[in-house]
Amino acid sequence: MSTLNSKVPGGPIKDKWTDYKNHIDLVNPANKRNIDIIVVGTGLAGGSAAATLAELGYNVKAFAYQDSPRRAHSIAAQGGINAAKNYQGDGDSTYRLFYDTVKGGDYRSREANVYRLAEVSANIIDQCVAQGVPFARDYGGLLDNRSFGGVLVSRTFYAKGQTGQQLLLGAYSAMNRQIARGKIEMFNRHEMLDVVKVDGKARGIIARNLVTGEIERHSAHAVVIASGGYGNVYFLSTNAMGSNATAAWKIHKKGAHFANPCYTQIHPTCIPRSGDYQSKLTLMSESLRNDGRIWVPKSMDDVMAIREGRKKPTELSEDERDYYLERRYPAFGNLVPRDVASRAAKERCDAGYGVNATGEAVYLDFKSAINRYGKEQAKINGISNPSDAKIYELGQAIVEAKYGNLFQMYEKIVDENPYETPMMIYPATHYTMGGVWVDYNLMTSVEGLYCIGEANFSDHGANRLGASALMQGLADGYFVLPYTIGDYLSNEIRTGAISTETKEFDEAEKEVTDRINFFVNNEGTKSVDYFHKKLGKVMWDKVGMARNSKGLNEAMAEIKAIREEFWKEVKVPGEATEMNPELEKAGRVADFLELGELFAKDALMREESCGGHFREESVELDGEQKGEAKRNDSDYAFVAAWEYKGEPADAVLHKEELEFKDIELKQRSYK
Ligand SMILES: Cc1cc2nc3c(=O)[nH]c(=O)nc-3n(C[C@H](O)[C@H](O)[C@H](O)COP(=O)(O)OP(=O)(O)OC[C@H]3O[C@@H](n4cnc5c(N)ncnc54)[C@H](O)[C@@H]3O)c2cc1C
């Protein structure tokens, strides 16, 4: 085991980034024209990076497996994006955003990176407004904000429930300008299947044209991976169906350490699973917790009556409801961070209080908010003695303006009107804080190979606060990578064009082709989804919201067995030389089957509870925090970065010790 060098610059935290920028080497404009950069992924992280690098003058080749950058998973982001603008005058600042993010991440992130993130957050909003992103505005025309979990200020900028889509259109427009200028060559429907290293440096990729099946070689002076998160290792998640870990896993196998794979975010407000044949879960944005109150019935009789259809939730009086988050966490109430809210829902459902047929659902209720807004509107409109129905009508209009598209989505899926009856929600896999290890420069442990956005192990420690993923992806792409990569590329100005006719490209291409040929020729009997579902069940049952040593050991053995069966029994119909979605899936699931085992190994190693990683053996036994997660700072205040050694079980641990100089390490309390 070695200790990793994070390359964090010296000096006071508030000056680090500025000093760094003042002292790095730059590439002059004429030389930039001779340097090629590959960007894999054109979601918010990759799209913003590609546009900015091209604007700077580099030649960018951008890759995405969808038919357009506009379809990246980032489009699904609903709730908003954080920035320390303090437009509300409610006490926000760079320091407070930094503090909230480190605390929210349960003190498992790198201070210097988080401070930089908070520092550049304000620039992101200016950049996006300049691009024309239609953020919501308040009555005076200024940008509006709302609150997300784990914070006491309103700093979330939003565009109704479509923030990701609007931000992505902004980044896509910026990319298009560069595509038109010839500075970005866009490879849609191309999947990167390996990275090519020459003399230890990343020098290119092997990609498959997903329409023709052709295998292509692409070279560059540096490679940036922006391929998103790996939540689909659980099979069911709120991620887009195509989201996968292949690019990240392939670079891991070529020397990039994979950090904290066990840090997963299970989001508390998703539409509950409805049955065994479901392939996707749907998020109900966290922004709904601004106005929705979460509850289950107090009495088991009411639970049974609701499940059996003898009673409706709306028939229960206030006294008969247990608003368990408000009860347990009076300071933050329904706006506790996601990990806390998810575990609290699981606790109630495990205790038998779940309100749907599977016993895995709690209520998210807007009645109080609708009444509150309705009364306010009646006053504003000068309506004296409004009827209950009028108040409801007025309040509903406000809720509709704020969250209308989310309510509509819920109604379409569940076939119940959430304005009239409370939504049912349950936690689901949503985001992965773990990912490819990167230093302060966002460079992986392979020279010239960078990783940004959700694909890297990120700035969120063991738990991400809502609306901070978009902030991180865009900070990386617009404001951080364009500087750090220049410092590296300043040493590449004499390298010249990089040939793809070398033995390194030959070998990488052969590996890719052999694997594809194996899949299409294997005489198996079971579909790719059969194995993915099996993996997902093990992950959810034994490496899900709560984990213990016994379950994790079992999970490692079970995942290995599924993997072995996969390589014998998988059946991939169709050909390699055509569009073949089953073949695409096969490669991705093969990688999930390795990543899943490393995930369990990492969770087993971390014998503490922190953020999205809850170890049942590590719980507070008494005092005010009784029953809450128990962190162990003396033994586990480090980033676990795993080095690939063949079988996932053989991966070697490298530690990056985390130092907290600007924030005092404390027990996280939201009470
Ligand atoms: C339902 C939902 C709602 C969310 N809401 C919010 C929110 O309100 N606020 C917030 O901050 N965060 C939110 N998040 C999280 C946030 O959306 C993501 O973390 C973020 O968008 C990830 O951006 P990214 O650019 O890193 O990756 P992605 O948007 O996932 O983009 C990945 C890109 O990589 C490409 N790619 C992947 N693999 C390959 C390969 N092998 N070859 C070629 N291309 C490849 C894809 O084609 C795509 O272009 C939400 C997440 C979900 C699931």
# chains A, B, ... in the order shown; residues from 1 in each chain; ligands from 1
call {"tool": "residues_near_ligand", "arguments": {"ligand": "ligand 1", "cutoff": "6 Å", "atoms": "only C-alpha atoms and all ligand atoms", "output": "ChimeraX atom specification"}}
result
/A:40-46,63-66,69,72-74,76-81,190-193,226-228,238-239,246-247,283,430,453-455,466-471,473
call {"tool": "write_last_selection", "arguments": {"atoms": "C-alpha atoms", "output": "PDB file, in the first residue's frame"}}
result
ATOM      1  CA  VAL A  40     -15.132  10.990 -23.784  1.00  0.00           C
ATOM      2  CA  GLY A  41     -18.618  12.076 -22.768  1.00  0.00           C
ATOM      3  CA  THR A  42     -20.595  15.185 -23.615  1.00  0.00           C
ATOM      4  CA  GLY A  43     -22.913  15.513 -20.644  1.00  0.00           C
ATOM      5  CA  LEU A  44     -22.573  18.629 -18.533  1.00  0.00           C
ATOM      6  CA  ALA A  45     -18.996  17.849 -17.512  1.00  0.00           C
ATOM      7  CA  GLY A  46     -17.680  16.712 -20.894  1.00  0.00           C
ATOM      8  CA  PHE A  63     -17.354  11.142 -28.072  1.00  0.00           C
ATOM      9  CA  ALA A  64     -20.812  10.133 -26.887  1.00  0.00           C
ATOM     10  CA  TYR A  65     -22.751   6.913 -27.256  1.00  0.00           C
ATOM     11  CA  GLN A  66     -26.060   8.729 -27.756  1.00  0.00           C
ATOM     12  CA  PRO A  69     -24.880  15.426 -26.727  1.00  0.00           C
ATOM     13  CA  ALA A  72     -26.675  12.743 -22.066  1.00  0.00           C
ATOM     14  CA  HIS A  73     -28.004  11.614 -18.726  1.00  0.00           C
ATOM     15  CA  SER A  74     -27.408  15.166 -17.406  1.00  0.00           C
ATOM     16  CA  ALA A  76     -32.530  14.267 -16.396  1.00  0.00           C
ATOM     17  CA  ALA A  77     -31.376  16.577 -13.608  1.00  0.00           C
ATOM     18  CA  GLN A  78     -34.452  18.207 -12.219  1.00  0.00           C
ATOM     19  CA  GLY A  79     -33.982  20.221  -9.086  1.00  0.00           C
ATOM     20  CA  GLY A  80     -31.207  22.719  -9.563  1.00  0.00           C
ATOM     21  CA  ILE A  81     -27.613  23.806  -9.241  1.00  0.00           C
ATOM     22  CA  HIS A 190     -19.378   6.087 -30.647  1.00  0.00           C
ATOM     23  CA  GLU A 191     -18.450   4.100 -27.555  1.00  0.00           C
ATOM     24  CA  MET A 192     -14.959   4.300 -26.132  1.00  0.00           C
ATOM     25  CA  LEU A 193     -13.907   0.746 -25.331  1.00  0.00           C
ATOM     26  CA  ALA A 226     -16.411  12.485 -18.530  1.00  0.00           C
ATOM     27  CA  SER A 227     -18.548   9.385 -18.752  1.00  0.00           C
ATOM     28  CA  GLY A 228     -20.865   9.825 -15.756  1.00  0.00           C
ATOM     29  CA  THR A 238     -32.803   6.625 -11.368  1.00  0.00           C
ATOM     30  CA  ASN A 239     -29.982   6.891 -13.906  1.00  0.00           C
ATOM     31  CA  THR A 246     -17.243   1.063 -19.060  1.00  0.00           C
ATOM     32  CA  ALA A 247     -15.025   4.069 -19.811  1.00  0.00           C
ATOM     33  CA  LEU A 283     -36.770  10.299  -9.245  1.00  0.00           C
ATOM     34  CA  HIS A 430     -29.264   7.748  -7.696  1.00  0.00           C
ATOM     35  CA  GLY A 453     -17.861  15.125 -13.518  1.00  0.00           C
ATOM     36  CA  GLU A 454     -19.641  12.233 -11.856  1.00  0.00           C
ATOM     37  CA  ALA A 455     -17.086   9.786 -13.267  1.00  0.00           C
ATOM     38  CA  GLY A 466     -28.566  17.982  -3.632  1.00  0.00           C
ATOM     39  CA  ALA A 467     -27.823  20.294  -6.584  1.00  0.00           C
ATOM     40  CA  SER A 468     -24.074  19.891  -6.150  1.00  0.00           C
ATOM     41  CA  ALA A 469     -23.467  17.398  -8.976  1.00  0.00           C
ATOM     42  CA  LEU A 470     -24.304  19.891 -11.693  1.00  0.00           C
ATOM     43  CA  MET A 471     -22.157  22.440  -9.890  1.00  0.00           C
ATOM     44  CA  GLY A 473     -19.572  18.878 -13.418  1.00  0.00           C
TER      45      GLY A 473
END
call {"tool": "select_by_dssp", "arguments": {"residues": "stretch 486-613 of chain A", "states": "alpha helix (DSSP H)", "output": "number ranges by chain"}}
result
A: 486-489, 503-521, 528-542, 549-569, 581-605
call {"tool": "residues_around", "arguments": {"residues": "stretch 556-564 of chain A", "least_positions_apart": "3", "cutoff": "9 Å", "atoms": "only C-alpha atoms", "output": "JSON list (two decimals) with all heavy atoms, in the first residue's frame"}}
result
[["chain", "number", "residue", "atom", "x", "y", "z"],
["A", 531, "PHE", "N", -28.30, -11.51, -16.18],
["A", 531, "PHE", "CA", -27.14, -11.37, -15.27],
["A", 531, "PHE", "C", -27.15, -10.01, -14.58],
["A", 531, "PHE", "O", -26.81, -9.90, -13.41],
["A", 531, "PHE", "CB", -25.84, -11.57, -16.06],
["A", 531, "PHE", "CG", -25.72, -12.95, -16.61],
["A", 531, "PHE", "CD1", -26.02, -13.23, -17.94],
["A", 531, "PHE", "CD2", -25.33, -14.00, -15.79],
["A", 531, "PHE", "CE1", -25.93, -14.51, -18.44],
["A", 531, "PHE", "CE2", -25.24, -15.29, -16.28],
["A", 531, "PHE", "CZ", -25.54, -15.55, -17.61],
["A", 534, "LYS", "N", -29.53, -10.11, -11.74],
["A", 534, "LYS", "CA", -29.01, -10.92, -10.63],
["A", 534, "LYS", "C", -27.98, -10.11, -9.84],
["A", 534, "LYS", "O", -27.97, -10.10, -8.61],
["A", 534, "LYS", "CB", -28.30, -12.17, -11.19],
["A", 534, "LYS", "CG", -29.15, -13.42, -11.13],
["A", 534, "LYS", "CD", -28.38, -14.60, -11.66],
["A", 534, "LYS", "CE", -28.23, -15.66, -10.60],
["A", 534, "LYS", "NZ", -27.74, -16.93, -11.11],
["A", 535, "LEU", "N", -27.12, -9.42, -10.57],
["A", 535, "LEU", "CA", -26.11, -8.57, -9.92],
["A", 535, "LEU", "C", -26.81, -7.48, -9.10],
["A", 535, "LEU", "O", -26.47, -7.24, -7.93],
["A", 535, "LEU", "CB", -25.21, -7.92, -10.99],
["A", 535, "LEU", "CG", -24.28, -6.81, -10.51],
["A", 535, "LEU", "CD1", -23.20, -7.37, -9.58],
["A", 535, "LEU", "CD2", -23.62, -6.08, -11.69],
["A", 538, "VAL", "N", -28.17, -8.66, -5.73],
["A", 538, "VAL", "CA", -27.13, -8.84, -4.70],
["A", 538, "VAL", "C", -26.69, -7.46, -4.20],
["A", 538, "VAL", "O", -26.55, -7.24, -2.99],
["A", 538, "VAL", "CB", -25.91, -9.61, -5.27],
["A", 538, "VAL", "CG1", -24.79, -9.68, -4.24],
["A", 538, "VAL", "CG2", -26.32, -10.99, -5.74],
["A", 539, "MET", "N", -26.50, -6.54, -5.13],
["A", 539, "MET", "CA", -26.03, -5.21, -4.73],
["A", 539, "MET", "C", -27.04, -4.53, -3.80],
["A", 539, "MET", "O", -26.68, -3.95, -2.79],
["A", 539, "MET", "CB", -25.82, -4.32, -5.97],
["A", 539, "MET", "CG", -24.69, -4.72, -6.89],
["A", 539, "MET", "SD", -23.05, -4.71, -6.16],
["A", 539, "MET", "CE", -22.82, -3.01, -5.73],
["A", 551, "GLY", "N", -22.82, -9.94, 5.08],
["A", 551, "GLY", "CA", -23.46, -9.72, 3.78],
["A", 551, "GLY", "C", -22.45, -9.33, 2.72],
["A", 551, "GLY", "O", -22.54, -9.76, 1.56],
["A", 552, "LEU", "N", -21.45, -8.54, 3.10],
["A", 552, "LEU", "CA", -20.48, -8.08, 2.11],
["A", 552, "LEU", "C", -19.57, -9.22, 1.65],
["A", 552, "LEU", "O", -19.25, -9.33, 0.46],
["A", 552, "LEU", "CB", -19.65, -6.93, 2.68],
["A", 552, "LEU", "CG", -20.46, -5.63, 2.87],
["A", 552, "LEU", "CD1", -19.69, -4.61, 3.70],
["A", 552, "LEU", "CD2", -20.83, -5.02, 1.51],
["A", 553, "ASN", "N", -19.20, -10.09, 2.59],
["A", 553, "ASN", "CA", -18.42, -11.26, 2.19],
["A", 553, "ASN", "C", -19.23, -12.14, 1.24],
["A", 553, "ASN", "O", -18.72, -12.62, 0.23],
["A", 553, "ASN", "CB", -17.99, -12.07, 3.42],
["A", 553, "ASN", "CG", -16.72, -11.49, 4.04],
["A", 553, "ASN", "OD1", -15.71, -11.36, 3.36],
["A", 553, "ASN", "ND2", -16.80, -11.15, 5.32],
["A", 567, "TRP", "N", -19.76, -15.35, -18.19],
["A", 567, "TRP", "CA", -18.81, -15.63, -19.27],
["A", 567, "TRP", "C", -19.06, -16.97, -19.93],
["A", 567, "TRP", "O", -18.65, -17.21, -21.06],
["A", 567, "TRP", "CB", -17.36, -15.51, -18.77],
["A", 567, "TRP", "CG", -16.98, -14.06, -18.58],
["A", 567, "TRP", "CD1", -16.83, -13.40, -17.41],
["A", 567, "TRP", "CD2", -16.75, -13.09, -19.62],
["A", 567, "TRP", "NE1", -16.52, -12.08, -17.64],
["A", 567, "TRP", "CE2", -16.45, -11.86, -18.99],
["A", 567, "TRP", "CE3", -16.77, -13.13, -21.02],
["A", 567, "TRP", "CZ2", -16.18, -10.69, -19.70],
["A", 567, "TRP", "CZ3", -16.50, -11.96, -21.73],
["A", 567, "TRP", "CH2", -16.20, -10.77, -21.07],
["A", 568, "LYS", "N", -19.78, -17.89, -19.23],
["A", 568, "LYS", "CA", -20.11, -19.17, -19.87],
["A", 568, "LYS", "C", -21.43, -19.08, -20.61],
["A", 568, "LYS", "O", -21.59, -19.60, -21.71],
["A", 568, "LYS", "CB", -20.25, -20.25, -18.78],
["A", 568, "LYS", "CG", -18.93, -20.71, -18.22],
["A", 568, "LYS", "CD", -19.13, -22.01, -17.42],
["A", 568, "LYS", "CE", -17.92, -22.25, -16.54],
["A", 568, "LYS", "NZ", -18.20, -22.18, -15.11],
["A", 569, "GLU", "N", -22.39, -18.42, -20.00],
["A", 569, "GLU", "CA", -23.78, -18.59, -20.44],
["A", 569, "GLU", "C", -24.41, -17.40, -21.17],
["A", 569, "GLU", "O", -25.56, -17.47, -21.58],
["A", 569, "GLU", "CB", -24.65, -18.92, -19.22],
["A", 569, "GLU", "CG", -24.50, -20.36, -18.72],
["A", 569, "GLU", "CD", -24.90, -21.38, -19.78],
["A", 569, "GLU", "OE1", -25.76, -21.06, -20.63],
["A", 569, "GLU", "OE2", -24.34, -22.48, -19.77],
["A", 590, "ALA", "N", -20.52, -6.76, -18.33],
["A", 590, "ALA", "CA", -19.27, -7.45, -17.98],
["A", 590, "ALA", "C", -18.45, -6.56, -17.05],
["A", 590, "ALA", "O", -17.87, -7.03, -16.06],
["A", 590, "ALA", "CB", -18.48, -7.78, -19.24],
["A", 593, "LEU", "N", -19.96, -6.28, -13.58],
["A", 593, "LEU", "CA", -19.76, -7.49, -12.79],
["A", 593, "LEU", "C", -18.39, -7.50, -12.10],
["A", 593, "LEU", "O", -18.20, -8.19, -11.11],
["A", 593, "LEU", "CB", -19.92, -8.73, -13.67],
["A", 593, "LEU", "CG", -21.38, -9.09, -13.99],
["A", 593, "LEU", "CD1", -21.47, -10.07, -15.15],
["A", 593, "LEU", "CD2", -22.08, -9.66, -12.76],
["A", 594, "GLU", "N", -17.46, -6.74, -12.62],
["A", 594, "GLU", "CA", -16.17, -6.62, -11.93],
["A", 594, "GLU", "C", -16.24, -5.47, -10.91],
["A", 594, "GLU", "O", -15.84, -5.61, -9.76],
["A", 594, "GLU", "CB", -15.05, -6.35, -12.95],
["A", 594, "GLU", "CG", -14.82, -7.55, -13.84],
["A", 594, "GLU", "CD", -13.72, -7.33, -14.88],
["A", 594, "GLU", "OE1", -13.05, -6.28, -14.86],
["A", 594, "GLU", "OE2", -13.53, -8.22, -15.73],
["A", 596, "GLY", "N", -18.78, -4.31, -9.37],
["A", 596, "GLY", "CA", -19.64, -4.65, -8.23],
["A", 596, "GLY", "C", -18.85, -5.35, -7.14],
["A", 596, "GLY", "O", -19.04, -5.09, -5.94],
["A", 597, "GLU", "N", -17.94, -6.22, -7.54],
["A", 597, "GLU", "CA", -17.17, -6.94, -6.52],
["A", 597, "GLU", "C", -16.19, -6.00, -5.81],
["A", 597, "GLU", "O", -16.01, -6.07, -4.59],
["A", 597, "GLU", "CB", -16.43, -8.12, -7.17],
["A", 597, "GLU", "CG", -15.85, -9.03, -6.11],
["A", 597, "GLU", "CD", -15.08, -10.22, -6.68],
["A", 597, "GLU", "OE1", -15.34, -10.60, -7.83],
["A", 597, "GLU", "OE2", -14.22, -10.74, -5.95],
["A", 598, "LEU", "N", -15.57, -5.11, -6.58],
["A", 598, "LEU", "CA", -14.66, -4.15, -5.94],
["A", 598, "LEU", "C", -15.42, -3.24, -4.98],
["A", 598, "LEU", "O", -14.95, -2.88, -3.89],
["A", 598, "LEU", "CB", -13.95, -3.30, -7.01],
["A", 598, "LEU", "CG", -12.93, -2.30, -6.44],
["A", 598, "LEU", "CD1", -11.73, -3.03, -5.86],
["A", 598, "LEU", "CD2", -12.47, -1.31, -7.51],
["A", 599, "PHE", "N", -16.63, -2.89, -5.37],
["A", 599, "PHE", "CA", -17.54, -2.07, -4.58],
["A", 599, "PHE", "C", -17.75, -2.73, -3.20],
["A", 599, "PHE", "O", -17.59, -2.12, -2.14],
["A", 599, "PHE", "CB", -18.83, -2.01, -5.39],
["A", 599, "PHE", "CG", -19.90, -1.06, -5.00],
["A", 599, "PHE", "CD1", -20.52, -0.28, -5.97],
["A", 599, "PHE", "CD2", -20.33, -0.95, -3.71],
["A", 599, "PHE", "CE1", -21.55, 0.58, -5.65],
["A", 599, "PHE", "CE2", -21.35, -0.10, -3.38],
["A", 599, "PHE", "CZ", -21.96, 0.66, -4.34],
["A", 600, "ALA", "N", -18.07, -4.03, -3.24],
["A", 600, "ALA", "CA", -18.32, -4.76, -1.99],
["A", 600, "ALA", "C", -17.03, -4.87, -1.17],
["A", 600, "ALA", "O", -17.04, -4.76, 0.06],
["A", 600, "ALA", "CB", -18.89, -6.14, -2.30],
["A", 601, "LYS", "N", -15.93, -5.06, -1.87],
["A", 601, "LYS", "CA", -14.63, -5.17, -1.16],
["A", 601, "LYS", "C", -14.31, -3.86, -0.44],
["A", 601, "LYS", "O", -13.85, -3.84, 0.70],
["A", 601, "LYS", "CB", -13.53, -5.50, -2.19],
["A", 601, "LYS", "CG", -12.13, -5.66, -1.62],
["A", 601, "LYS", "CD", -11.15, -5.94, -2.76],
["A", 601, "LYS", "CE", -9.70, -5.74, -2.35],
["A", 601, "LYS", "NZ", -9.09, -6.88, -1.71],
["A", 648, "PRO", "N", -11.03, -8.54, -9.14],
["A", 648, "PRO", "CA", -11.35, -7.42, -8.25],
["A", 648, "PRO", "C", -10.94, -7.69, -6.79],
["A", 648, "PRO", "O", -10.52, -6.79, -6.08],
["A", 648, "PRO", "CB", -12.88, -7.31, -8.37],
["A", 648, "PRO", "CG", -13.21, -7.94, -9.68],
["A", 648, "PRO", "CD", -12.16, -8.98, -9.96],
["A", 649, "ALA", "N", -11.04, -8.97, -6.38],
["A", 649, "ALA", "CA", -10.69, -9.31, -4.99],
["A", 649, "ALA", "C", -9.22, -9.05, -4.71],
["A", 649, "ALA", "O", -8.82, -8.88, -3.55],
["A", 649, "ALA", "CB", -11.03, -10.77, -4.72]]
call {"tool": "residues_around", "arguments": {"residues": "A:Ala49", "least_positions_apart": "3", "cutoff": "12 Å", "atoms": "only C-alpha atoms", "output": "JSON, numbers by chain"}}
result
{"A": [37, 38, 39, 40, 41, 42, 43, 44, 45, 46, 52, 53, 54, 55, 56, 58, 60, 61, 62, 171, 172, 174, 175, 178, 184, 223, 224, 225, 226, 450, 451, 452, 453, 473, 474, 475, 476, 477, 478, 479, 480, 481, 482, 483, 484, 485]}
call {"tool": "residues_around", "arguments": {"residues": "A:Val528", "least_positions_apart": "5", "cutoff": "7 Å", "atoms": "only C-alpha atoms", "output": "ChimeraX atom specification"}}
result
/A:570-571,585-586
call {"tool": "residues_around", "arguments": {"residues": "A:Leu281", "least_positions_apart": "5", "cutoff": "7 Å", "atoms": "only C-alpha atoms", "output": "mmCIF file with N, CA and C atoms, in the first residue's frame"}}
result
data_model
loop_
_atom_site.group_PDB
_atom_site.id
_atom_site.type_symbol
_atom_site.label_atom_id
_atom_site.label_comp_id
_atom_site.auth_asym_id
_atom_site.auth_seq_id
_atom_site.Cartn_x
_atom_site.Cartn_y
_atom_site.Cartn_z
ATOM 1 N N LEU A 236 -31.527 -1.515 -11.109
ATOM 2 C CA LEU A 236 -32.569 -0.490 -10.973
ATOM 3 C C LEU A 236 -31.966 0.760 -10.348
ATOM 4 N N SER A 237 -32.130 1.883 -11.034
ATOM 5 C CA SER A 237 -31.667 3.145 -10.453
ATOM 6 C C SER A 237 -32.408 4.270 -11.161
ATOM 7 N N THR A 238 -32.161 5.494 -10.705
ATOM 8 C CA THR A 238 -32.803 6.625 -11.368
ATOM 9 C C THR A 238 -31.977 7.103 -12.561
ATOM 10 N N ILE A 271 -40.058 7.178 -7.004
ATOM 11 C CA ILE A 271 -41.316 6.432 -7.076
ATOM 12 C C ILE A 271 -41.010 4.975 -6.740
ATOM 13 N N ARG A 273 -40.692 0.941 -6.342
ATOM 14 C CA ARG A 273 -40.652 -0.155 -7.324
ATOM 15 C C ARG A 273 -42.034 -0.788 -7.389
#
call {"tool": "select_by_dssp", "arguments": {"residues": "stretch 64-289 of chain A", "states": "strand (DSSP E or B)", "output": "MDAnalysis selection string"}}
result
chainID A and resid 81:82 137 143 146 156:157 184:187 190:198 201:209 215:219 222:225 258:259 264:270 283
call {"tool": "residues_around", "arguments": {"residues": "A:Ser68", "least_positions_apart": "6", "cutoff": "9 Å", "atoms": "only C-alpha atoms", "output": "PyMOL selection string"}}
result
chain A and resi 42+187-189
call {"tool": "closest_residue", "arguments": {"among": "A:Ala220, A:Arg631, A:Glu326, A:Asn356", "to": "A:Asn34", "atoms": "only C-alpha atoms"}}
result
A:Ala220
call {"tool": "closest_residue", "arguments": {"among": "A:Asn290, A:Gly200, A:Ala259, A:Asp541", "to": "A:Asn145", "atoms": "only C-alpha atoms"}}
result
A:Asn290
call {"tool": "closest_residue", "arguments": {"among": "A:Glu617, A:Glu492, A:Glu501, A:Glu582", "to": "A:Asn31", "atoms": "only C-alpha atoms"}}
result
A:Glu492
call {"tool": "closest_atom_pairs", "arguments": {"of": "stretch 411-485 of chain A", "to": "stretch 334-344 of chain A", "cutoff": "7 Å", "atoms": "only C-alpha atoms", "output": "Markdown table"}}
result
| residue | atom | partner | partner_atom | distance |
| --- | --- | --- | --- | --- |
| A:Pro427 | CA | A:Ser342 | CA | 5.5 |
| A:Asn463 | CA | A:Asp339 | CA | 6.9 |
| A:Leu465 | CA | A:Pro337 | CA | 6.5 |
call {"tool": "write_last_selection", "arguments": {"atoms": "C-alpha atoms", "output": "PDB file, in the first residue's frame"}}
result
ATOM      1  CA  PRO A 427     -35.250   5.466  -1.642  1.00  0.00           C
ATOM      2  CA  ASN A 463     -22.516  11.864   0.484  1.00  0.00           C
ATOM      3  CA  LEU A 465     -25.714  17.345  -1.218  1.00  0.00           C
TER       4      LEU A 465
END
call {"tool": "closest_atom_pairs", "arguments": {"of": "stretch 455-533 of chain A", "to": "stretch 101-116 of chain A", "cutoff": "8 Å", "atoms": "only C-alpha atoms", "output": "CSV"}}
result
residue,atom,partner,partner_atom,distance
A:Ser458,CA,A:Ser109,CA,8.0
A:Asp459,CA,A:Val114,CA,5.6
A:His460,CA,A:Gly105,CA,5.2
A:Gly461,CA,A:Ser109,CA,4.0
A:Ala462,CA,A:Gly105,CA,4.8
A:Asn463,CA,A:Gly105,CA,4.3
A:Arg464,CA,A:Gly105,CA,5.8
A:Leu465,CA,A:Gly104,CA,6.1
call {"tool": "write_last_selection", "arguments": {"atoms": "N, CA and C atoms", "output": "mmCIF file, in the first residue's frame"}}
result
data_model
loop_
_atom_site.group_PDB
_atom_site.id
_atom_site.type_symbol
_atom_site.label_atom_id
_atom_site.label_comp_id
_atom_site.auth_asym_id
_atom_site.auth_seq_id
_atom_site.Cartn_x
_atom_site.Cartn_y
_atom_site.Cartn_z
ATOM 1 N N SER A 458 -14.746 12.712 -7.175
ATOM 2 C CA SER A 458 -15.481 13.933 -6.894
ATOM 3 C C SER A 458 -15.239 14.593 -5.557
ATOM 4 N N ASP A 459 -15.936 15.672 -5.392
ATOM 5 C CA ASP A 459 -15.732 16.550 -4.239
ATOM 6 C C ASP A 459 -16.783 16.331 -3.161
ATOM 7 N N HIS A 460 -17.545 15.273 -3.284
ATOM 8 C CA HIS A 460 -18.701 15.130 -2.397
ATOM 9 C C HIS A 460 -18.481 14.163 -1.248
ATOM 10 N N GLY A 461 -17.259 13.657 -1.113
ATOM 11 C CA GLY A 461 -16.968 12.763 0.005
ATOM 12 C C GLY A 461 -17.867 11.556 -0.016
ATOM 13 N N ALA A 462 -18.467 11.264 1.143
ATOM 14 C CA ALA A 462 -19.269 10.053 1.261
ATOM 15 C C ALA A 462 -20.751 10.301 0.998
ATOM 16 N N ASN A 463 -21.111 11.551 0.738
ATOM 17 C CA ASN A 463 -22.516 11.864 0.484
ATOM 18 C C ASN A 463 -22.597 13.200 -0.249
ATOM 19 N N ARG A 464 -23.340 13.213 -1.376
ATOM 20 C CA ARG A 464 -23.442 14.469 -2.122
ATOM 21 C C ARG A 464 -24.683 15.232 -1.694
ATOM 22 N N LEU A 465 -24.534 16.528 -1.492
ATOM 23 C CA LEU A 465 -25.714 17.345 -1.218
ATOM 24 C C LEU A 465 -26.449 17.609 -2.530
#
